[in-house]
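Contents: one structure, followed by commentary.
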Amino acid sequence: MHYDQERKTLCFSGAELVDFARRRTTPTYRDEAEEEQSAEGREVWRRQLIGQQDGIPLTGEFTREGQAFSVTMTVDDLTGGCVTLIYPMAGNPKSPDPETMRRARGMGFLAAYLAEHNCGGSFSLKIYFVSPLTPFPEVYEEEPKHGASARFFERLCDRAVVHAAPLIDRQVRRLPTLVSCRFPYPAVREGQRELMETVYTTLAHGRRLYACAPTGIGKTVSVLYPAVRALGEGKVEKVFYLTPKNTASLAAAETLTALQKAGAEVRGVCLSAKDSICPEGRVCRKREPCRLSPSAPTREDQATRFLLERNAAVVTREMLLDVGRQFRVCPYELGLRYSLYCDVIICDYNYLFDPRVALKRYFTEGGNYAFLIDEAHNLAERVRESYATHLSLAYLARLKKLTVGVRDLTREVERFIYFYREMMSRLLRGEVREEKAGERTAFLASHELPDGYLTEVFGLAYALFDALPRLSDEKRLALTPEAYQLKNMAEKLAHFDERFIAFLRYRAGDFYLDTLCLDPAAVIDERLSLGRSAVLFSATLSPLPYYREILGGRRNDLSLEVPSPFDEEHLAVCAMDKISTRYLEREDTVREVVRAILTTVKAKPGNYMVFCPSYHYLIRLHEALQKAVPALETLCQSQNMSQAEREQFLARFDAASKTALVGFCVMGGIYSEGIDLVGKRLIGAVVVGVGLPQLSDEREAIRAYFDEKNEEGRGFAYVYPGMNRVLQAAGRVIRTENDRGVVLLIDDRFASPEYRHLIPPHWHGLRYVGSSRDLAHLLDVFWHGEGKNR
C-alpha cells in the first residue's frame with residue numbers, strides 16, 4: 001500500500017486491502033498460518049490446474065467517504081462467469097483453519113467485485129487450496145448473493161479509510177521532516193562523514209555495502225541518519241535495523257530518540273520474540289485460551305491508536321507490555337500491528353533470516369526495504385544455525401508417546417520410525433566402528449540427502465496436520481508444536497543442495513541425522529534480495545573479502561573500511577610471541593601465561609579481563625593465578641549464568657576502585673562483545689590464544705568445502721572466525737575517545753605471516769615481545785611515559 005500524493009489516492013494490491021481492512025499488514029500470517037508460495041511455484045499450479053501460465057490482472061479506481069482508492073490484483077482464471085484463485089497454505093487443504101478460510105474468501109469476494117467492475121455481470125468463486133504437503137488441491141466453490149461482493153468491498157474501503165489516516169499523515173507531514181532533520185550530535189567524528197555518505201549512496205541506489213567501522217566512530221547513528229533521510233526522500237519504504245543482541249537494539253532506539261529531538265518525526269518499534277514478551281510467561285499456541293487474545297480487534301485498534309498518540313520515537317518492549325496489559329491485548333501482536341505505521345523496525349536477525357519465525361507479513365514477497373545489519377560478523381553462524389536440522393530415534397519415540405490414543409496417527413509415526421531405522425541402518429552398515437570402551441559407533445558425511453527422507457518428513461508433518469482438527473484439546477495442544485516443527489524441518493531440508501551436508505551417526509543405541517549449511521552465502525543473498533538495499537556493518541568485519549563471500553556479496557557490492565577515530569597513543573598492543581597456547585602445550589605454558597598477566601596488572605593496577613580459549617582452560621589459569629598471588633582480587637565467568645549473575649559480574653568492574661581486579665572470561669562468549677566498560681571500568685584485556693573454533697566434524701566439513709571452492713578452507717573454517725573472536729575481545733578496551741588501555745595477545749602464532757596480515761590498521765603500533773621483562777618495560781613507558789610506547 002502507498003499513498004499517491006499527487007493524485008491523493010490510496011493504492012492497494014488486493015491482498016493489501018483485505019489484510020489492511022482486517023487490521024493486518026500484508027500478508028497476514030501467524031507462526032501457524034498459511035505461507036505463500038513463490039511466484040514460480042504458483043505458475044506451476046496454474047499450468048497444472050487451469051492450463052495457462054499467466055494470471056489475469058484486475059484493476060479499479062473508486063471513491064469512498066471522499067477518499068480515492070486504486071486497487072489491483074491478479075486472479076488465476078476468469079472464464080465462464082467464475083473467478084478462480086489458487087490459494088497456497090501450509091496445513092491440510094482439506095480442512096483450512098478459520099483464519100485461512102476468512103482471508104481466502106475475502107480475496108475471492110474482492111476479486112468477484114473487481115471482475116464485475118471490469119467486465120460487468122456477476123461472478124461465482126472457485127478457490128483451489130494447495131499445500132506443499134500434498135500434490136492434491138482441495139476446491140472450494142461459492143455463489144455470492146446478489147450485491148454481496150459490492151457490500152463487502154464497501155466495508156473494506158470504510159475500514160481502510162479509518163486505518164489509512166496515520167499512513168497519509170506519514171506521507172504528507174512526517175516524511176518531509178526526515179529530510180530536513182539535522183545531525184543529532186554536536187559534531188561529526190573523523191571517518192563518520194565518509195561512512196554516512198557511503199550508506200546514503202548505497203540506499204539511494206539500491207545496492208549493498210559491507211563496512212568495517214571501528215568501535216567509537218558512532219556506527220549506529222552513521223547508518224540510521226542517512227537511512228532516515230532516504231526514507232524521507234522516498235528512496236526506501238521501511239528500514240529494518242537487524243541485530244543479534246538486545247544491547248544493539250537499545251543503541252538503535254536511543255539514536256532514533258536523538259533524531260526525533262533533532263527534528264525528525266520518525267516512528268520506530270522494537271520487536272521482541274513472542275516467548276520473551278508474553279506476560280503470561282509462555283509461548284501462545286493455536287487454540288490455547290489466552291486472556292490477552294490477539295483476536296480482539298476493537299481493543300487492538302484502541303491500543304494502536306493510543307501508541308500513535310504518544311508519538312514516541314520508538315515503542316519499546318516495555319511500552320508494548322504496559323499498553324498490552326492496559327488494553328488486554330497480546331503485546332507481541334500489538335507490536336506487529338503497530339509496525340505497519342512505523343518507519344524503522346528494530347528486530348533480531350531471525351525475523352529476516354530464520355524461515356521458522358521470519359516476518360512473513362513483510363518478507364513473503366519483499367518490498368522497497370533497507371536492511372541495516374548490525375554486528376554482521378555474527379550473521380553467517382546465525383544463518384547456519386537457522387537452517388540446521390536434527391532428528392533422532394529418541395525424538396520420534398517421544399512423538400509416538402504423544403500420539404497414544406490416536407490409533408491412525410500412532411501407526412503413521414511407527415511407519416516413519418521403521419523407515420528411519422531401516423534407512424539409517426542401511427547407510428551406516430559399512431561405517432560401524434568399535435570404540436576403546438567397547439561401544440559401537442558409526443559416522444557418515446554425505447552431500448546428498450538419503451533417498452525418500454524429505455518426502456517422508458513432509459508426509460509425517462502432513463499426517464499430523466491432517467489429524468489436528470479432530471483431536472481433543474489436550475492432544476491438539478501437545479501435537480501442534482510437533483507438526484510445525486516437522487513442517488519447518490521439511491522446509492529447511494528443501495533447501496538442501498551442494499552447499500549443505502548431512503551427518504548420519506549411530507551412538508549409544510540411537511540414530512542421529514543432522515544437516516548443516518556449509519556456505520550460507522546463497523541463503524543470505526536470497527533473504528537480502530527481499531529488500532532493495534542492505535548495509536552490513538561491524539567493528540570487526542575483517543578481513544572484508546572473507547565476509548563479503550560468506551555474507552552473500554555480489555560483484556558490484558560496495559566495501560568500506562573506516563579508520564579508527566581514536567588517538568593511537570591511547571592504546572598499547574603487545575604480543576608475546578614466544579609462548580604457545582596450542583591445546584597440547586597449554587599445561588606446559590600455564591606459568592608463563594600467569595606471569596604475563598601479572599606483569600600487565602602490575603604495570604598499572606586497575607580492572608582487567610583475561611579471555612581464554614575454553615572454559616576448562618579458564619578454570620586452570622584462574623587456579624594458577626590464585627596460587628601465585630592469593631591476595632589478588634579475581635572473578636570468573638561461569639557456565640549458564642542468569643541475567644542477574646551477568647549483571648553482577650559486570651558491576652564488579654568499578655571505575656572508582658583503587659585495587660586491581662582480574663576477570664576471567666571465555667573468548668567468543670557473552671563478555672567478548674556487546675558490553676561497554678567505559679573509562680577506568682576496564683583498562684586492559686589479555687587475550688590468550690588465537691580463538692580457533694573447536695575441532696569438529698562440522699568445522700572439518702566447512703574446511704573441506706572451502707578448500708574445494710577457493711582453496712581457503714583453513715581460513716574460512718578456523719583462522720578468520722578465530723581472529724574475529726580475538727578482535728572482539730580486544731575491542732572491549734577502548735570505547736570512547738578518552739579511554740586509555742592495553743591489549744596483550746599471548747600466542748606465538750600471532751607472529752606468523754598467516755596472522756600478521758589479519759592485524760587491523762589501528763593496531764599498526766603492535767609490538768612483539770619475547771619476555772615478561774620486555775613487556776614490563778613497554779607497559780611502563782606506555783602508562784608512565786606520556787603514552788610514548790613506540
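A note on labels: chains of the C-alpha cells are A, B, ... as shown, every chain counts residues from 1, and ligands are counted from 1 in their shown order.
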Open item on the list: Quick one: residues within 8 Å of Pro214 of chain A, only C-alpha atoms, excluding same-chain residues fewer than 3 positions away - as a ChimeraX atom specification?
Closed with: /A:217,538-540,562-564
Open item on the list: as a PyMOL selection string, please: every residue in segment 626-686 of chain A that DSSP puts in alpha helix (DSSP H).
Closed with: chain A and resi 626-628+643-651
TODO: Figure out the distance between atom CA of Arg527 of chain A and atom CA of Ser131 of chain A, please, to one decimal in Å.
DONE: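 Result for atom CA of Ser131 of chain A versus atom CA of Arg527 of chain A: 22.1 Å, one decimal.
Closest to Leu231 of chain A among A:Ser272, A:Ser70, A:Ser180, A:Thr84 is A:Ser180, based on only C-alpha atoms.
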Task: Nearby residues (only C-alpha atoms) at most 6 Å from segment 260-270 of chain A, same-chain spacing under 5 positions excluded, as a list in words - done: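 Answer for this query is Arg174, Thr177, Leu178, Cys181, Arg182, Pro184, Ala313, Val314, Val315, Thr316, Cys342, Asp343, Val344, Ile345, Ile346 and Cys347 of chain A.
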Would you save the residues of that selection, restricted to all heavy atoms, as a CSV table (one decimal), in the first residue's frame?
chain,number,residue,atom,x,y,z
A,174,ARG,N,5.0,13.8,8.0
A,174,ARG,CA,6.2,13.3,8.8
A,174,ARG,C,7.4,13.1,7.9
A,174,ARG,O,8.5,13.4,8.3
A,174,ARG,CB,5.9,12.0,9.5
A,174,ARG,CG,4.9,12.2,10.7
A,174,ARG,CD,5.0,11.1,11.7
A,174,ARG,NE,4.7,9.8,11.1
A,174,ARG,CZ,5.6,8.8,10.8
A,174,ARG,NH1,6.8,9.0,11.1
A,174,ARG,NH2,5.2,7.7,10.3
A,177,THR,N,10.0,15.9,7.4
A,177,THR,CA,10.8,16.2,8.5
A,177,THR,C,12.1,15.3,8.5
A,177,THR,O,13.1,15.7,9.1
A,177,THR,CB,10.1,16.1,9.8
A,177,THR,OG1,9.8,14.7,10.1
A,177,THR,CG2,8.8,16.9,9.8
A,178,LEU,N,12.0,14.1,8.0
A,178,LEU,CA,13.1,13.2,8.0
A,178,LEU,C,14.2,13.7,7.0
A,178,LEU,O,15.4,13.4,7.2
A,178,LEU,CB,12.7,11.8,7.5
A,178,LEU,CG,11.5,11.2,8.3
A,178,LEU,CD1,11.3,9.7,7.8
A,178,LEU,CD2,11.7,11.2,9.8
A,181,CYS,N,15.8,17.0,8.9
A,181,CYS,CA,16.4,16.8,10.2
A,181,CYS,C,17.9,17.1,10.2
A,181,CYS,O,18.7,16.7,9.3
A,181,CYS,CB,16.2,15.3,10.6
A,181,CYS,SG,17.1,14.7,12.0
A,182,ARG,N,18.4,17.7,11.3
A,182,ARG,CA,19.8,18.0,11.4
A,182,ARG,C,20.5,16.8,12.0
A,182,ARG,O,19.9,15.9,12.7
A,182,ARG,CB,20.1,19.2,12.2
A,182,ARG,CG,19.7,19.1,13.7
A,182,ARG,CD,19.9,20.3,14.5
A,182,ARG,NE,19.7,20.1,15.9
A,182,ARG,CZ,18.5,20.1,16.5
A,182,ARG,NH1,17.4,20.4,15.8
A,182,ARG,NH2,18.4,19.9,17.8
A,184,PRO,N,22.1,14.7,14.8
A,184,PRO,CA,21.7,14.8,16.2
A,184,PRO,C,22.8,15.1,17.3
A,184,PRO,O,22.4,15.2,18.4
A,184,PRO,CB,21.0,13.5,16.5
A,184,PRO,CG,21.7,12.5,15.6
A,184,PRO,CD,22.1,13.3,14.3
A,313,ALA,N,9.4,8.2,19.6
A,313,ALA,CA,10.3,7.9,18.6
A,313,ALA,C,10.4,6.4,18.4
A,313,ALA,O,10.5,5.9,17.3
A,313,ALA,CB,11.7,8.5,18.8
A,314,VAL,N,10.4,5.7,19.5
A,314,VAL,CA,10.5,4.2,19.5
A,314,VAL,C,9.5,3.6,20.5
A,314,VAL,O,9.6,4.1,21.7
A,314,VAL,CB,11.9,3.7,19.8
A,314,VAL,CG1,12.0,2.2,19.7
A,314,VAL,CG2,12.9,4.3,18.9
A,315,VAL,N,8.7,2.7,20.1
A,315,VAL,CA,7.9,2.0,21.1
A,315,VAL,C,8.7,0.8,21.5
A,315,VAL,O,9.0,-0.1,20.7
A,315,VAL,CB,6.6,1.5,20.4
A,315,VAL,CG1,5.8,0.5,21.3
A,315,VAL,CG2,5.7,2.8,20.2
A,316,THR,N,9.1,0.7,22.7
A,316,THR,CA,9.9,-0.3,23.2
A,316,THR,C,9.2,-1.6,23.7
A,316,THR,O,7.9,-1.5,23.8
A,316,THR,CB,10.8,0.2,24.4
A,316,THR,OG1,9.9,0.6,25.5
A,316,THR,CG2,11.6,1.4,24.0
A,342,CYS,N,5.1,2.2,11.2
A,342,CYS,CA,6.5,2.6,11.6
A,342,CYS,C,7.4,2.8,10.4
A,342,CYS,O,7.2,2.2,9.3
A,342,CYS,CB,7.1,1.6,12.5
A,342,CYS,SG,6.4,1.6,14.1
A,343,ASP,N,8.4,3.7,10.6
A,343,ASP,CA,9.4,3.9,9.6
A,343,ASP,C,10.6,3.0,9.8
A,343,ASP,O,11.2,2.5,8.8
A,343,ASP,CB,9.9,5.4,9.6
A,343,ASP,CG,8.8,6.4,9.7
A,343,ASP,OD1,8.0,6.4,8.7
A,343,ASP,OD2,8.7,7.2,10.6
A,344,VAL,N,10.9,2.7,11.0
A,344,VAL,CA,12.1,1.8,11.4
A,344,VAL,C,11.6,0.7,12.3
A,344,VAL,O,10.9,1.0,13.3
A,344,VAL,CB,13.2,2.7,12.1
A,344,VAL,CG1,14.3,1.8,12.4
A,344,VAL,CG2,13.6,3.8,11.2
A,345,ILE,N,11.9,-0.5,11.9
A,345,ILE,CA,11.6,-1.7,12.7
A,345,ILE,C,12.9,-2.3,13.2
A,345,ILE,O,13.7,-2.7,12.4
A,345,ILE,CB,10.8,-2.7,11.9
A,345,ILE,CG1,9.4,-2.1,11.5
A,345,ILE,CG2,10.5,-4.0,12.8
A,345,ILE,CD1,8.6,-3.0,10.6
A,346,ILE,N,13.1,-2.3,14.5
A,346,ILE,CA,14.3,-2.8,15.2
A,346,ILE,C,14.0,-4.2,15.6
A,346,ILE,O,13.0,-4.4,16.4
A,346,ILE,CB,14.7,-2.0,16.4
A,346,ILE,CG1,14.9,-0.5,15.9
A,346,ILE,CG2,16.0,-2.5,17.0
A,346,ILE,CD1,15.1,0.5,17.1
A,347,CYS,N,14.7,-5.2,15.2
A,347,CYS,CA,14.4,-6.6,15.5
A,347,CYS,C,15.6,-7.5,15.4
A,347,CYS,O,16.6,-7.1,14.9
A,347,CYS,CB,13.2,-7.1,14.6
A,347,CYS,SG,13.6,-7.0,12.8
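Atom pair atom CA of Ala730 of chain A / atom CA of Val678 of chain A: separated by 13.6 Å.
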Near Leu110 of chain A, counting only C-alpha atoms, which residues have an atom at most 8 Å away, once you skip same-chain residues fewer than 2 positions from it, shown as a PDB file with C-alpha atoms, in the first residue's frame?
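Result file selection01.pdb:
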ATOM      1  CA  GLY A  14      -5.948  -6.886  -3.450  1.00  0.00           C
ATOM      2  CA  VAL A  18      -8.139  -7.330   2.511  1.00  0.00           C
ATOM      3  CA  GLY A 106     -12.157 -12.159   1.398  1.00  0.00           C
ATOM      4  CA  MET A 107      -9.741 -12.345  -1.524  1.00  0.00           C
ATOM      5  CA  GLY A 108     -12.400 -14.145  -3.558  1.00  0.00           C
ATOM      6  CA  ALA A 112     -15.507 -11.024  -7.791  1.00  0.00           C
ATOM      7  CA  TYR A 113     -16.281  -7.334  -7.249  1.00  0.00           C
ATOM      8  CA  LEU A 114     -13.338  -6.207  -9.397  1.00  0.00           C
ATOM      9  CA  SER A 149     -19.374  -8.604  -3.216  1.00  0.00           C
ATOM     10  CA  PHE A 152     -18.082  -6.465   1.088  1.00  0.00           C
ATOM     11  CA  PHE A 153     -15.969  -4.014  -0.928  1.00  0.00           C
TER      12      PHE A 153
END
Open item on the list: With only C-alpha atoms as the counted atoms, please give the residues lying no more than 12 Å from Leu17 of chain A, apart from itself and same-chain residues fewer than 6 positions off, as a ChimeraX atom specification.
Closed with: /A:1-2,10-11,23-28,69-73,103,106-107,109-111,152-161,163-164
Got time to write the residues from that selection, C-alpha atoms, as an mmCIF file, in the first residue's frame?
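And here is the file that came out, out_18.cif:
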data_model
loop_
_atom_site.group_PDB
_atom_site.id
_atom_site.type_symbol
_atom_site.label_atom_id
_atom_site.label_comp_id
_atom_site.auth_asym_id
_atom_site.auth_seq_id
_atom_site.Cartn_x
_atom_site.Cartn_y
_atom_site.Cartn_z
ATOM 1 C CA MET A 1 0.000 0.000 0.000
ATOM 2 C CA HIS A 2 1.184 3.528 -0.699
ATOM 3 C CA LEU A 10 -4.588 5.254 -1.649
ATOM 4 C CA CYS A 11 -3.101 2.475 -3.798
ATOM 5 C CA ARG A 23 -6.160 -4.609 10.785
ATOM 6 C CA ARG A 24 -3.214 -6.587 9.425
ATOM 7 C CA THR A 25 -0.203 -5.855 7.278
ATOM 8 C CA THR A 26 0.373 -7.692 4.019
ATOM 9 C CA PRO A 27 0.085 -10.613 4.001
ATOM 10 C CA THR A 28 -1.012 -11.682 7.492
ATOM 11 C CA PHE A 69 -8.799 4.285 -3.908
ATOM 12 C CA SER A 70 -6.889 2.341 -6.502
ATOM 13 C CA VAL A 71 -6.957 -1.473 -6.268
ATOM 14 C CA THR A 72 -5.053 -4.008 -8.374
ATOM 15 C CA MET A 73 -4.917 -7.776 -8.083
ATOM 16 C CA ARG A 103 -8.831 -14.497 4.245
ATOM 17 C CA GLY A 106 -12.157 -12.159 1.398
ATOM 18 C CA MET A 107 -9.741 -12.345 -1.524
ATOM 19 C CA PHE A 109 -15.163 -11.622 -2.839
ATOM 20 C CA LEU A 110 -12.843 -8.734 -3.698
ATOM 21 C CA ALA A 111 -11.837 -10.448 -6.940
ATOM 22 C CA PHE A 152 -18.082 -6.465 1.088
ATOM 23 C CA PHE A 153 -15.969 -4.014 -0.928
ATOM 24 C CA GLU A 154 -17.673 -1.045 0.724
ATOM 25 C CA ARG A 155 -16.857 -2.451 4.158
ATOM 26 C CA LEU A 156 -13.230 -2.941 3.130
ATOM 27 C CA CYS A 157 -12.997 0.658 1.993
ATOM 28 C CA ASP A 158 -14.654 2.005 5.134
ATOM 29 C CA ARG A 159 -12.158 0.191 7.338
ATOM 30 C CA ALA A 160 -9.243 1.205 5.137
ATOM 31 C CA VAL A 161 -10.202 4.897 5.340
ATOM 32 C CA HIS A 163 -6.740 2.859 9.343
ATOM 33 C CA ALA A 164 -5.020 4.664 6.474
#
Open item on the list: Let me make sure I understand: among A:Gly689, A:Pro355, A:Gly679, A:Gly531, which one has the smallest atom-to-atom distance to Tyr484 of chain A if we use only C-alpha atoms?
Closed with: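 Under the stated criterion, the closest residue is A:Pro355.
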Open item on the list: My list of candidates is A:Leu536, A:Ala521, A:Val457, A:Leu336. Which is closest to Lys492 of chain A when distances are computed with only C-alpha atoms?
Closed with: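 Ranking A:Leu536, A:Ala521, A:Val457, A:Leu336 by distance to Lys492 of chain A, first place goes to A:Val457.
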Open item on the list: I want to know what sits within 6 Å of segment 363-370 of chain A, based on only C-alpha atoms, with residues of the same chain fewer than 4 positions away left out; could you give that as a ChimeraX atom specification?
Closed with: /A:236-239,359,530-534
Open item on the list: Need the shell around Ala575 of chain A: protein/DNA/RNA residues with any atom at most 12 Å away, counting only C-alpha atoms. Skip same-chain ones fewer than 3 positions apart. Format as number ranges by chain?
Closed with: A: 572, 578-580, 593, 596, 600, 685-690, 742-752, 755-756, 759, 763, 765-772, 774-775, 778
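When only C-alpha atoms are used to compute distances to Met101 of chain A, the closest of the residues A:Tyr140, A:Tyr617, A:Tyr3, A:Tyr362 turns out to be A:Tyr140.
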Task: Residue with smallest distance to Gly234 of chain A - pool A:Asp707, A:Asp4, A:Glu698, A:Asp780, counting only C-alpha atoms - done: A:Asp4
Apply DSSP to the backbone of this structure and, from segment 370-478 of chain A, keep only the residues in strand (DSSP E); write these as a PDB file with N, CA, C and O atoms, in the first residue's frame.
ATOM      1  N   ALA A 370      15.084  -1.227   3.313  1.00  0.00           N
ATOM      2  CA  ALA A 370      16.514  -1.112   3.575  1.00  0.00           C
ATOM      3  C   ALA A 370      16.836  -1.954   4.805  1.00  0.00           C
ATOM      4  O   ALA A 370      16.189  -1.805   5.845  1.00  0.00           O
ATOM      5  N   PHE A 371      17.816  -2.829   4.687  1.00  0.00           N
ATOM      6  CA  PHE A 371      18.246  -3.665   5.803  1.00  0.00           C
ATOM      7  C   PHE A 371      19.562  -3.117   6.361  1.00  0.00           C
ATOM      8  O   PHE A 371      20.554  -3.022   5.629  1.00  0.00           O
ATOM      9  N   LEU A 372      19.556  -2.737   7.627  1.00  0.00           N
ATOM     10  CA  LEU A 372      20.769  -2.309   8.319  1.00  0.00           C
ATOM     11  C   LEU A 372      21.131  -3.425   9.291  1.00  0.00           C
ATOM     12  O   LEU A 372      20.414  -3.645  10.280  1.00  0.00           O
ATOM     13  N   ILE A 373      22.221  -4.126   9.024  1.00  0.00           N
ATOM     14  CA  ILE A 373      22.548  -5.341   9.771  1.00  0.00           C
ATOM     15  C   ILE A 373      23.751  -5.074  10.661  1.00  0.00           C
ATOM     16  O   ILE A 373      24.893  -4.997  10.195  1.00  0.00           O
ATOM     17  N   THR A 389      19.145 -28.875  10.759  1.00  0.00           N
ATOM     18  CA  THR A 389      18.062 -29.762  11.202  1.00  0.00           C
ATOM     19  C   THR A 389      18.650 -30.914  12.014  1.00  0.00           C
ATOM     20  O   THR A 389      19.808 -31.290  11.818  1.00  0.00           O
ATOM     21  N   HIS A 390      17.827 -31.461  12.914  1.00  0.00           N
ATOM     22  CA  HIS A 390      18.274 -32.544  13.779  1.00  0.00           C
ATOM     23  C   HIS A 390      17.112 -33.534  13.942  1.00  0.00           C
ATOM     24  O   HIS A 390      15.978 -33.127  14.174  1.00  0.00           O
ATOM     25  N   LEU A 391      17.418 -34.824  13.840  1.00  0.00           N
ATOM     26  CA  LEU A 391      16.394 -35.847  14.066  1.00  0.00           C
ATOM     27  C   LEU A 391      17.062 -37.063  14.701  1.00  0.00           C
ATOM     28  O   LEU A 391      18.196 -37.420  14.362  1.00  0.00           O
ATOM     29  N   SER A 392      16.342 -37.688  15.637  1.00  0.00           N
ATOM     30  CA  SER A 392      16.862 -38.875  16.312  1.00  0.00           C
ATOM     31  C   SER A 392      15.723 -39.822  16.617  1.00  0.00           C
ATOM     32  O   SER A 392      14.543 -39.434  16.631  1.00  0.00           O
ATOM     33  N   VAL A 432      30.490 -48.922  10.680  1.00  0.00           N
ATOM     34  CA  VAL A 432      30.490 -49.223  12.113  1.00  0.00           C
ATOM     35  C   VAL A 432      31.921 -49.387  12.623  1.00  0.00           C
ATOM     36  O   VAL A 432      32.753 -50.041  11.989  1.00  0.00           O
ATOM     37  N   ARG A 433      32.204 -48.740  13.759  1.00  0.00           N
ATOM     38  CA  ARG A 433      33.498 -48.849  14.415  1.00  0.00           C
ATOM     39  C   ARG A 433      33.280 -49.198  15.884  1.00  0.00           C
ATOM     40  O   ARG A 433      32.259 -48.861  16.467  1.00  0.00           O
ATOM     41  N   GLU A 434      34.256 -49.882  16.456  1.00  0.00           N
ATOM     42  CA  GLU A 434      34.174 -50.222  17.876  1.00  0.00           C
ATOM     43  C   GLU A 434      35.159 -49.353  18.642  1.00  0.00           C
ATOM     44  O   GLU A 434      36.359 -49.341  18.362  1.00  0.00           O
ATOM     45  N   ARG A 440      29.889 -49.484  20.157  1.00  0.00           N
ATOM     46  CA  ARG A 440      29.845 -49.465  18.697  1.00  0.00           C
ATOM     47  C   ARG A 440      29.274 -48.120  18.226  1.00  0.00           C
ATOM     48  O   ARG A 440      28.226 -47.682  18.695  1.00  0.00           O
ATOM     49  N   THR A 441      29.990 -47.486  17.322  1.00  0.00           N
ATOM     50  CA  THR A 441      29.543 -46.217  16.764  1.00  0.00           C
ATOM     51  C   THR A 441      29.669 -46.265  15.248  1.00  0.00           C
ATOM     52  O   THR A 441      30.344 -47.145  14.692  1.00  0.00           O
ATOM     53  N   ALA A 442      29.017 -45.327  14.583  1.00  0.00           N
ATOM     54  CA  ALA A 442      29.121 -45.223  13.125  1.00  0.00           C
ATOM     55  C   ALA A 442      28.937 -43.767  12.731  1.00  0.00           C
ATOM     56  O   ALA A 442      28.217 -43.012  13.399  1.00  0.00           O
ATOM     57  N   PHE A 443      29.589 -43.371  11.630  1.00  0.00           N
ATOM     58  CA  PHE A 443      29.518 -41.995  11.162  1.00  0.00           C
ATOM     59  C   PHE A 443      29.646 -41.960   9.652  1.00  0.00           C
ATOM     60  O   PHE A 443      30.455 -42.670   9.059  1.00  0.00           O
ATOM     61  N   LEU A 444      28.814 -41.120   9.020  1.00  0.00           N
ATOM     62  CA  LEU A 444      28.881 -40.929   7.572  1.00  0.00           C
ATOM     63  C   LEU A 444      28.502 -39.494   7.258  1.00  0.00           C
ATOM     64  O   LEU A 444      27.500 -38.984   7.760  1.00  0.00           O
ATOM     65  N   ALA A 445      29.316 -38.829   6.441  1.00  0.00           N
ATOM     66  CA  ALA A 445      29.004 -37.486   5.957  1.00  0.00           C
ATOM     67  C   ALA A 445      28.652 -37.582   4.483  1.00  0.00           C
ATOM     68  O   ALA A 445      29.361 -38.231   3.709  1.00  0.00           O
ATOM     69  N   SER A 446      27.556 -36.925   4.095  1.00  0.00           N
ATOM     70  CA  SER A 446      27.086 -37.038   2.715  1.00  0.00           C
ATOM     71  C   SER A 446      26.595 -35.691   2.212  1.00  0.00           C
ATOM     72  O   SER A 446      25.958 -34.937   2.955  1.00  0.00           O
TER      73      SER A 446
END
Open item on the list: So the first atom is atom CA of Ile734 of chain A and the second is atom CA of His762 of chain A; what is the distance between them in Å, to one decimal place?
Closed with: 11.5 Å
TODO: Kindly indicate which residue among A:Val139, A:Ala230, A:Ala717, A:Leu677 lies nearest to Tyr546 of chain A, using only C-alpha atoms for the distances.
DONE: A:Ala717
